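Here is the structure we will look at, set down as structure tokens.
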Amino acid sequence: MKKILVISGKGGTGKTFLTASLSYLASDKKIIVDCDVDAANLYLLLHPDIKRSEVFEWGYEAVINQDKCIRCGKCLAICRFEAIKTVHKDDNRGIDRITVDPFSCEGCGVCKYGCPVGAVDLRKKESGKWFISDTKYGPFVFAKLGIAAENSGKLVSKIKQEAYTLAEKELAEYIIIDGPPGIGCPVIASMSGVDLALVVTEPTLSGISDMKRVMEVAEHFQVETKVVVNKYDINLETTEEIRRICYAKGIEVLGQLPFSEKVVQSIVKQVPFTEFSNGSIAKDIAKIWEKIK
């Protein structure tokens with residue numbers, strides 16, 4: 001079972017477009033995963049039929065038991081995140097109610113241990129949801145991080161583990177992963193244990209800079225790296241610079257894809273490009289997949 005991670009140092013390079021295209025070309029024995037949990041969008045092209053949905057809980061948030069609370073205000077004094085709020089009915093009655101702002105609360109527990117009457121409880125925080133689904137392209141595992149939620153790296157690790165378990169059950173030949181952009185925790189969680197990191201870049205200065213950074217992350221974790229240059233024809237000189245950088249690092253450029261409005265049309269139609277078109281770009285992507293295999 002080969003694990004292929006499609007990543008990019010920055011957003012907007014065409015990572016998800018390429019992942020969907022490869023998913024269409026791959027054999028039937030595959031599992032598709034979207035590890036970009038902060039901004040999951042591969043499902044828009046794959047149209048999943050959800051078979052299992054689970055809540056992802058991570059961290060804690062404070063909750064005040066209003067029946068026990070004596071409105072002493074000690075939690076206000078010891079909270080360093082200004083998450084404890086007061087409600088006043090009028091100017092003469094003092095504090096009527098003490099509440100917790102869930103977006104500001106870090107779940108540190110200081111208010112719980114500092115409350116003299118034990119009116120504060122810590123409860124698990126819902127950080128998002130993850131899904132196992134079927135598509136006509138194969139089983140698909142993805143997740144959505146909640147609004148303002150943290151620990152996307154932990155959620156990535158969770159869905160990867162679920163995907164690996166499903167792959168072993170289905171005797172899958174490939175796991176194709178749509179990774180998050182950048183070089184942060186979600187990228188590191190996505191990269192751990194994969195066989196190939198396929199870096200999608202574009203011929204811009206920011207594209208080169210971010211490509212170098214994500215290559216360094218892959219090198220640190222000793223993951224084999226290949227490159228695809230998307231929209232290569234918007235700046236041929238910069239494309240050549242990308243090729244020189246890859247050659248110096250001993251990294252193979254698997255292919256170059258030109259800019260095309262047909263790609264935009266396939267996204268509007270919500271169809272993987274290699275299913276939408278059988279033109280020259282689709283054939284170039286097919287050649288990239290043959291090299292990967």
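Naming scheme: A, B, ... for chains in displayed order of the structure tokens; residues 1 onward per chain; ligands 1 onward as shown.
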
Give me the residues near range 290-292 of chain A as a PyMOL selection string, where near means some atom within 9 Å (using only C-alpha atoms) and where sequence neighbours in that chain fewer than 4 positions away do not count.
chain A and resi 4+196+226+254+285-286

Give me a file of those residues, with C-alpha atoms, as a PDB file, in the first residue's frame.
```pdb
ATOM      1  CA  ILE A   4       0.865   9.579  -1.758  1.00  0.00           C
ATOM      2  CA  LEU A 196       5.789  10.227  -1.550  1.00  0.00           C
ATOM      3  CA  LYS A 226       8.621  15.006  -6.551  1.00  0.00           C
ATOM      4  CA  LEU A 254       7.252  14.877 -12.944  1.00  0.00           C
ATOM      5  CA  ILE A 285      -1.790  14.338 -15.800  1.00  0.00           C
ATOM      6  CA  ALA A 286      -2.128  10.701 -16.859  1.00  0.00           C
TER       7      ALA A 286
END
```

Exercise: Leu166 in chain A partners within 12 Å, only C-alpha atoms, chain neighbours under 5 positions left out, as a list of chain:residue names:
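Listed by chain and then number, they are A:Met1, A:Lys29, A:Lys30, A:Ile31, A:Ile32, A:Val33, A:Ile132, A:Ser133, A:Asp134, A:Gly138, A:Pro139, A:Phe140, A:Val141, A:Ile159, A:Lys160, A:Gln161, A:Leu171, A:Ala172, A:Glu173, A:Tyr174, A:Ile175.
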
At a cut-off of 10 Å, using only C-alpha atoms, what residues contact Asp101 in chain A? Leave out same-chain residues fewer than 5 positions from it and give the result as JSON, numbers by chain.
{"A": [61, 62, 63, 81, 82, 83, 84, 85, 106]}

Mind writing the picked residues with C-alpha atoms as a compact mmCIF listing (two decimals), in the first residue's frame?
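Heads up, here's the output in again-v5.txt:
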```txt
# COMPACT_ATOMS: atom_id res chain seq x y z
CA GLU A 61 -13.67 24.79 27.99
CA ALA A 62 -14.91 26.12 31.31
CA VAL A 63 -18.61 26.12 32.17
CA PHE A 81 -7.40 35.31 28.91
CA GLU A 82 -10.31 37.63 29.78
CA ALA A 83 -12.69 34.76 29.05
CA ILE A 84 -14.81 35.34 32.17
CA LYS A 85 -17.60 37.83 31.58
CA GLU A 106 -8.18 28.28 26.63
```

Determine, counting only C-alpha atoms, which protein, DNA and RNA residues have an atom within 8 Å of an atom of Lys231 in chain A; residues of the same chain fewer than 3 positions away are not included. Present the result as a VMD selection string.
chain A and resid 202 to 203 234 256 to 260

Mind listing the strand (DSSP E) residues of range 79-134 of chain A, per DSSP on the backbone, as a PyMOL selection string?
chain A and resi 84-87+97-100+120-134

Same residues, C-alpha atoms, saved as a short mmCIF file (atom, residue, chain, number, x, y, z; two decimals), in the first residue's frame:
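Contents of out_14.cif, as written:
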```cif
data_model
loop_
_atom_site.label_atom_id
_atom_site.label_comp_id
_atom_site.auth_asym_id
_atom_site.auth_seq_id
_atom_site.Cartn_x
_atom_site.Cartn_y
_atom_site.Cartn_z
CA ILE A 84 -14.81 35.34 32.17
CA LYS A 85 -17.60 37.83 31.58
CA THR A 86 -20.12 39.44 33.92
CA VAL A 87 -23.76 40.30 33.32
CA ARG A 97 -24.46 36.40 36.35
CA ILE A 98 -20.94 35.25 35.47
CA THR A 99 -20.40 33.50 32.13
CA VAL A 100 -17.54 32.15 30.00
CA VAL A 120 -16.74 25.75 37.52
CA ASP A 121 -16.54 22.56 35.47
CA LEU A 122 -14.29 21.69 32.53
CA ARG A 123 -15.91 19.89 29.63
CA LYS A 124 -14.52 18.51 26.40
CA LYS A 125 -14.61 20.99 23.54
CA GLU A 126 -16.11 20.03 20.18
CA SER A 127 -13.45 21.01 17.63
CA GLY A 128 -14.94 19.62 14.44
CA LYS A 129 -16.32 16.57 12.68
CA TRP A 130 -14.84 13.81 10.55
CA PHE A 131 -16.54 11.64 7.95
CA ILE A 132 -16.18 8.33 6.15
CA SER A 133 -17.99 8.27 2.84
CA ASP A 134 -18.37 6.51 -0.49
#
```

Between CA of Pro180 in chain A and CA of Met215 in chain A, distance in Å (one decimal)
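The value is 14.1 Å.
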
Compare A:Pro102, A:Gly193, A:Pro181, A:Pro48 by their minimum atom-to-atom distance to Gly207 in chain A, counting only C-alpha atoms, and give me the closest one.
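Closest to Gly207 in chain A of all the choices is A:Pro181.
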
Fewer than 4 positions away in the same chain doesn't count, so skip those; otherwise give me all residues within 9 Å of Leu205 in chain A, counting only C-alpha atoms, as a PyMOL selection string.
chain A and resi 209-210+238

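Comparing the minimum interatomic distances between Asp49 in chain A and each of A:Lys74, A:Lys112, A:Lys3, A:Lys136, counting only C-alpha atoms, we find that A:Lys136 sits nearest.
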
Applying 10 Å and only C-alpha atoms, which residues near Phe273 in chain A remain after dropping the ones on its own chain fewer than 2 positions away? List them as a PyMOL selection string.
chain A and resi 17-22+24+45+262-267+269-271+275-279+281-282+285

Would you please work out which residue, of A:Val253, A:Val217, A:Val37, A:Ala26, is nearest to Leu155 in chain A when using only C-alpha atoms?
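For Leu155 in chain A, the nearest of the candidates is A:Val37.
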
Name the residues of range 28-206 of chain A that fall into alpha helix (DSSP H) according to DSSP on the backbone, using the chain letters and numbers of this document, as a PyMOL selection string.
chain A and resi 43-46+74-78+110-114+152-170+185-191+205-206

Polymer residues at most 10 Å from Ala40 in chain A, only C-alpha atoms, same-chain spacing of 4 or more positions, as a list in words
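Neighbouring residues, sequence-local ones excluded: Thr16, Asp34, Cys35, Asp36, Leu44, Phe142, Ala143, Lys144, Leu145, Asp178, Gly179 and Pro180 of chain A.
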
Restricting the output to all heavy atoms, write the selected residues as a tab-separated table (two decimals), in the first residue's frame.
```tsv
chain	number	residue	atom	x	y	z
A	16	THR	N	-5.65	20.63	-4.94
A	16	THR	CA	-6.88	19.84	-4.88
A	16	THR	C	-7.32	19.41	-6.28
A	16	THR	O	-7.81	18.29	-6.47
A	16	THR	CB	-7.99	20.65	-4.19
A	16	THR	OG1	-7.57	20.96	-2.85
A	16	THR	CG2	-9.29	19.88	-4.14
A	34	ASP	N	-8.83	13.83	2.48
A	34	ASP	CA	-8.62	15.28	2.44
A	34	ASP	C	-8.14	15.72	3.82
A	34	ASP	O	-8.91	15.80	4.77
A	34	ASP	CB	-9.91	16.01	2.08
A	34	ASP	CG	-9.67	17.51	1.84
A	34	ASP	OD1	-8.54	17.98	2.06
A	34	ASP	OD2	-10.62	18.21	1.43
A	35	CYS	N	-6.83	15.99	3.93
A	35	CYS	CA	-6.24	16.40	5.21
A	35	CYS	C	-6.20	17.91	5.38
A	35	CYS	O	-5.66	18.40	6.37
A	35	CYS	CB	-4.84	15.82	5.35
A	35	CYS	SG	-4.82	14.07	5.78
A	36	ASP	N	-6.75	18.65	4.44
A	36	ASP	CA	-6.84	20.11	4.59
A	36	ASP	C	-8.09	20.43	5.40
A	36	ASP	O	-9.08	20.95	4.89
A	36	ASP	CB	-6.89	20.77	3.21
A	36	ASP	CG	-6.75	22.29	3.30
A	36	ASP	OD1	-6.57	22.80	4.42
A	36	ASP	OD2	-6.84	22.95	2.26
A	44	LEU	N	-16.18	18.79	-2.72
A	44	LEU	CA	-16.97	19.48	-3.75
A	44	LEU	C	-16.82	18.81	-5.12
A	44	LEU	O	-17.73	18.90	-5.96
A	44	LEU	CB	-16.54	20.94	-3.84
A	44	LEU	CG	-16.79	21.81	-2.59
A	44	LEU	CD1	-16.17	23.18	-2.77
A	44	LEU	CD2	-18.27	21.92	-2.30
A	142	PHE	N	-12.70	12.50	5.15
A	142	PHE	CA	-12.39	13.92	5.26
A	142	PHE	C	-12.93	14.47	6.57
A	142	PHE	O	-13.61	13.76	7.33
A	142	PHE	CB	-12.96	14.70	4.07
A	142	PHE	CG	-14.46	14.75	3.98
A	142	PHE	CD1	-15.16	15.91	4.29
A	142	PHE	CD2	-15.20	13.64	3.56
A	142	PHE	CE1	-16.54	15.96	4.20
A	142	PHE	CE2	-16.58	13.69	3.46
A	142	PHE	CZ	-17.25	14.84	3.78
A	143	ALA	N	-12.62	15.72	6.86
A	143	ALA	CA	-13.02	16.33	8.13
A	143	ALA	C	-13.19	17.82	7.93
A	143	ALA	O	-12.67	18.41	6.98
A	143	ALA	CB	-11.99	16.04	9.22
A	144	LYS	N	-13.91	18.42	8.87
A	144	LYS	CA	-14.09	19.87	8.87
A	144	LYS	C	-13.81	20.38	10.28
A	144	LYS	O	-14.50	19.99	11.23
A	144	LYS	CB	-15.51	20.24	8.44
A	144	LYS	CG	-15.83	19.88	7.00
A	144	LYS	CD	-17.26	20.30	6.63
A	144	LYS	CE	-17.61	19.93	5.20
A	144	LYS	NZ	-19.00	20.33	4.85
A	145	LEU	N	-12.82	21.23	10.40
A	145	LEU	CA	-12.52	21.84	11.69
A	145	LEU	C	-13.58	22.89	12.01
A	145	LEU	O	-14.04	23.61	11.11
A	145	LEU	CB	-11.13	22.49	11.64
A	145	LEU	CG	-10.50	22.87	12.98
A	145	LEU	CD1	-10.13	21.61	13.77
A	145	LEU	CD2	-9.26	23.72	12.76
A	178	ASP	N	-4.95	14.59	-0.07
A	178	ASP	CA	-4.90	16.03	-0.38
A	178	ASP	C	-4.46	16.74	0.89
A	178	ASP	O	-5.21	16.83	1.86
A	178	ASP	CB	-6.29	16.50	-0.83
A	178	ASP	CG	-6.28	17.95	-1.28
A	178	ASP	OD1	-5.17	18.51	-1.49
A	178	ASP	OD2	-7.36	18.56	-1.41
A	179	GLY	N	-3.24	17.23	0.90
A	179	GLY	CA	-2.68	17.83	2.10
A	179	GLY	C	-3.00	19.30	2.22
A	179	GLY	O	-3.44	19.95	1.27
A	180	PRO	N	-2.76	19.87	3.40
A	180	PRO	CA	-2.97	21.32	3.60
A	180	PRO	C	-1.79	22.11	3.06
A	180	PRO	O	-0.70	21.57	2.87
A	180	PRO	CB	-3.06	21.44	5.13
A	180	PRO	CG	-2.25	20.28	5.64
A	180	PRO	CD	-2.38	19.18	4.63
```

Rounded to one decimal place, report the CA of Leu25 in chain A-CA of Tyr137 in chain A distance in Å.
8.9 Å

Find, counting only C-alpha atoms, the residue in A:Val194, A:Ile95, A:Thr135, A:Ala248 that gets nearest to Tyr164 in chain A.
A:Val194

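Reported to one decimal place, the separation of CA of Ile208 in chain A from CA of Lys293 in chain A is 26.1 Å.
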